[in-house]
>>> print(open('model-v5.cif').read())   # mmCIF, C-alpha atoms
data_final
#
loop_
_atom_site.group_PDB
_atom_site.id
_atom_site.type_symbol
_atom_site.label_atom_id
_atom_site.label_comp_id
_atom_site.auth_asym_id
_atom_site.auth_seq_id
_atom_site.Cartn_x
_atom_site.Cartn_y
_atom_site.Cartn_z
ATOM 1 C CA ARG C 1 8.158 -11.461 -20.033
ATOM 2 C CA MET C 2 7.325 -13.046 -16.741
ATOM 3 C CA GLY C 3 10.150 -12.867 -14.257
ATOM 4 C CA ASP C 4 11.545 -9.507 -15.375
ATOM 5 C CA VAL C 5 9.541 -7.547 -12.809
ATOM 6 C CA PRO C 6 8.340 -9.108 -9.574
ATOM 7 C CA GLU C 7 4.574 -9.401 -9.363
ATOM 8 C CA ARG C 8 4.702 -8.770 -5.628
ATOM 9 C CA ILE C 9 6.830 -6.452 -3.545
ATOM 10 C CA LEU C 10 8.114 -6.721 0.017
ATOM 11 C CA SER C 11 7.430 -4.487 3.016
ATOM 12 C CA ASP C 12 10.464 -2.246 2.490
ATOM 13 C CA ARG C 13 9.305 -1.270 -1.022
ATOM 14 C CA ALA C 14 5.694 -0.874 0.172
ATOM 15 C CA ALA C 15 6.949 1.434 2.942
ATOM 16 C CA LEU C 16 8.653 3.650 0.359
ATOM 17 C CA ILE C 17 5.443 3.898 -1.673
ATOM 18 C CA LEU C 18 3.357 4.741 1.393
ATOM 19 C CA GLY C 19 5.918 7.014 3.030
ATOM 20 C CA VAL C 20 5.771 5.200 6.350
ATOM 21 C CA SER C 21 8.016 2.762 8.188
ATOM 22 C CA LYS C 22 8.296 -0.897 7.268
ATOM 23 C CA ARG C 23 6.895 -1.747 10.704
ATOM 24 C CA THR C 24 3.812 0.426 10.082
ATOM 25 C CA VAL C 25 3.227 -1.301 6.744
ATOM 26 C CA GLN C 26 3.410 -4.703 8.437
ATOM 27 C CA HIS C 27 0.984 -3.614 11.180
ATOM 28 C CA LEU C 28 -1.486 -2.280 8.592
ATOM 29 C CA ALA C 29 -1.205 -5.512 6.619
ATOM 30 C CA ALA C 30 -1.742 -7.666 9.711
ATOM 31 C CA ALA C 31 -4.836 -5.605 10.557
ATOM 32 C CA GLY C 32 -6.249 -6.223 7.070
ATOM 33 C CA GLU C 33 -5.987 -2.545 6.106
ATOM 34 C CA ILE C 34 -3.886 -2.950 2.949
ATOM 35 C CA PRO C 35 -5.592 -4.596 -0.032
ATOM 36 C CA GLY C 36 -3.438 -7.096 -1.869
ATOM 37 C CA ALA C 37 -1.299 -7.884 1.186
ATOM 38 C CA ALA C 38 -0.494 -11.533 1.826
ATOM 39 C CA ARG C 39 1.770 -13.227 4.309
ATOM 40 C CA ILE C 40 3.891 -15.829 2.548
ATOM 41 C CA GLY C 41 5.791 -17.790 5.149
ATOM 42 C CA ARG C 42 7.326 -15.171 7.438
ATOM 43 C CA LEU C 43 7.254 -12.359 4.854
ATOM 44 C CA TRP C 44 4.513 -9.918 4.024
ATOM 45 C CA THR C 45 4.170 -9.364 0.287
ATOM 46 C CA TYR C 46 2.053 -6.812 -1.564
ATOM 47 C CA ASP C 47 0.485 -6.413 -4.980
ATOM 48 C CA GLU C 48 2.094 -3.116 -6.060
ATOM 49 C CA ALA C 49 -0.722 -2.100 -8.433
ATOM 50 C CA ARG C 50 -3.366 -2.619 -5.747
ATOM 51 C CA LEU C 51 -1.225 -0.786 -3.190
ATOM 52 C CA ARG C 52 -0.863 2.248 -5.474
ATOM 53 C CA ALA C 53 -4.612 2.179 -6.270
ATOM 54 C CA TRP C 54 -5.356 2.121 -2.535
ATOM 55 C CA VAL C 55 -3.160 5.196 -2.013
ATOM 56 C CA ARG C 56 -5.000 7.038 -4.821
ATOM 57 C CA GLN C 57 -8.335 6.078 -3.244
ATOM 58 C CA ARG C 58 -7.200 7.377 0.156
ATOM 59 C CA GLU C 59 -6.002 10.617 -1.457
ATOM 60 C CA GLY C 60 -9.410 11.046 -3.062
ATOM 61 C CA GLU C 61 -11.170 10.442 0.243
ATOM 62 C CA ALA C 62 -8.957 13.017 1.979
ATOM 63 C CA CYS C 63 -9.631 15.527 -0.785
ATOM 64 C CA ARG C 64 -13.404 15.008 -0.612
ATOM 65 C CA ALA C 65 -13.301 15.423 3.173
ATOM 66 C CA ALA C 66 -11.326 18.672 2.851
ATOM 67 C CA ILE C 67 -13.779 20.030 0.299
ATOM 68 C CA SER C 68 -16.813 19.160 2.410
ATOM 69 C CA THR C 69 -15.410 20.715 5.587
ATOM 70 C CA SER C 70 -13.689 23.817 4.247
ATOM 71 C CA GLY C 71 -14.824 24.270 0.668
ATOM 72 C CA ALA C 72 -11.158 24.209 -0.373
ATOM 73 C CA MET C 73 -10.073 22.830 -3.719
ATOM 74 C CA CYS C 74 -7.745 19.831 -3.971
ATOM 75 C CA GLY C 75 -5.036 19.774 -6.539
#
>>> encode(input="model-v5.cif", output="structure tokens")
Amino acid sequence: RMGDVPERILSDRAALILGVSKRTVQHLAAAGEIPGAARIGRLWTYDEARLRAWVRQREGEACRAAISTSGAMCG
């Protein structure tokens, strides 16, 4: 049912997902770094699914970089 779970989350929840401060999340959003971020009035809101997908993508990029530079395996 619509309304049971918010479709968008606020900066404090996004900060928990990313493991950074709320201020850092807002700076990244303002710089256009976070996909699915939108400023609604004075609040930044985020599409949680897109945010989590972005984190997975960044993890994959970091893993590929580690493999190419050191030959190490990512797990």
>>> atom_distance(input="model-v5.cif", atom1="CA of His27 (chain C)", atom2="CA of Gln57 (chain C)")
19.7 Å
>>> atom_distance(input="model-v5.cif", atom1="CA of Pro35 (chain C)", atom2="CA of Trp54 (chain C)")
7.2 Å
>>> residues_around(input="model-v5.cif", residues="Ile17 (chain C)", least_positions_apart="5", cutoff="10 Å", atoms="all atoms listed in the file", output="NGL selection string")
:C and (11-12 or 48 or 51-52 or 55)
>>> atom_distance(input="model-v5.cif", atom1="CA of Leu43 (chain C)", atom2="CA of Arg13 (chain C)")
12.7 Å
>>> resolve_selection(input="model-v5.cif", expression="the PyMOL selection byres ((chain C and resi 26) around 10)", output="count of residues only")
23
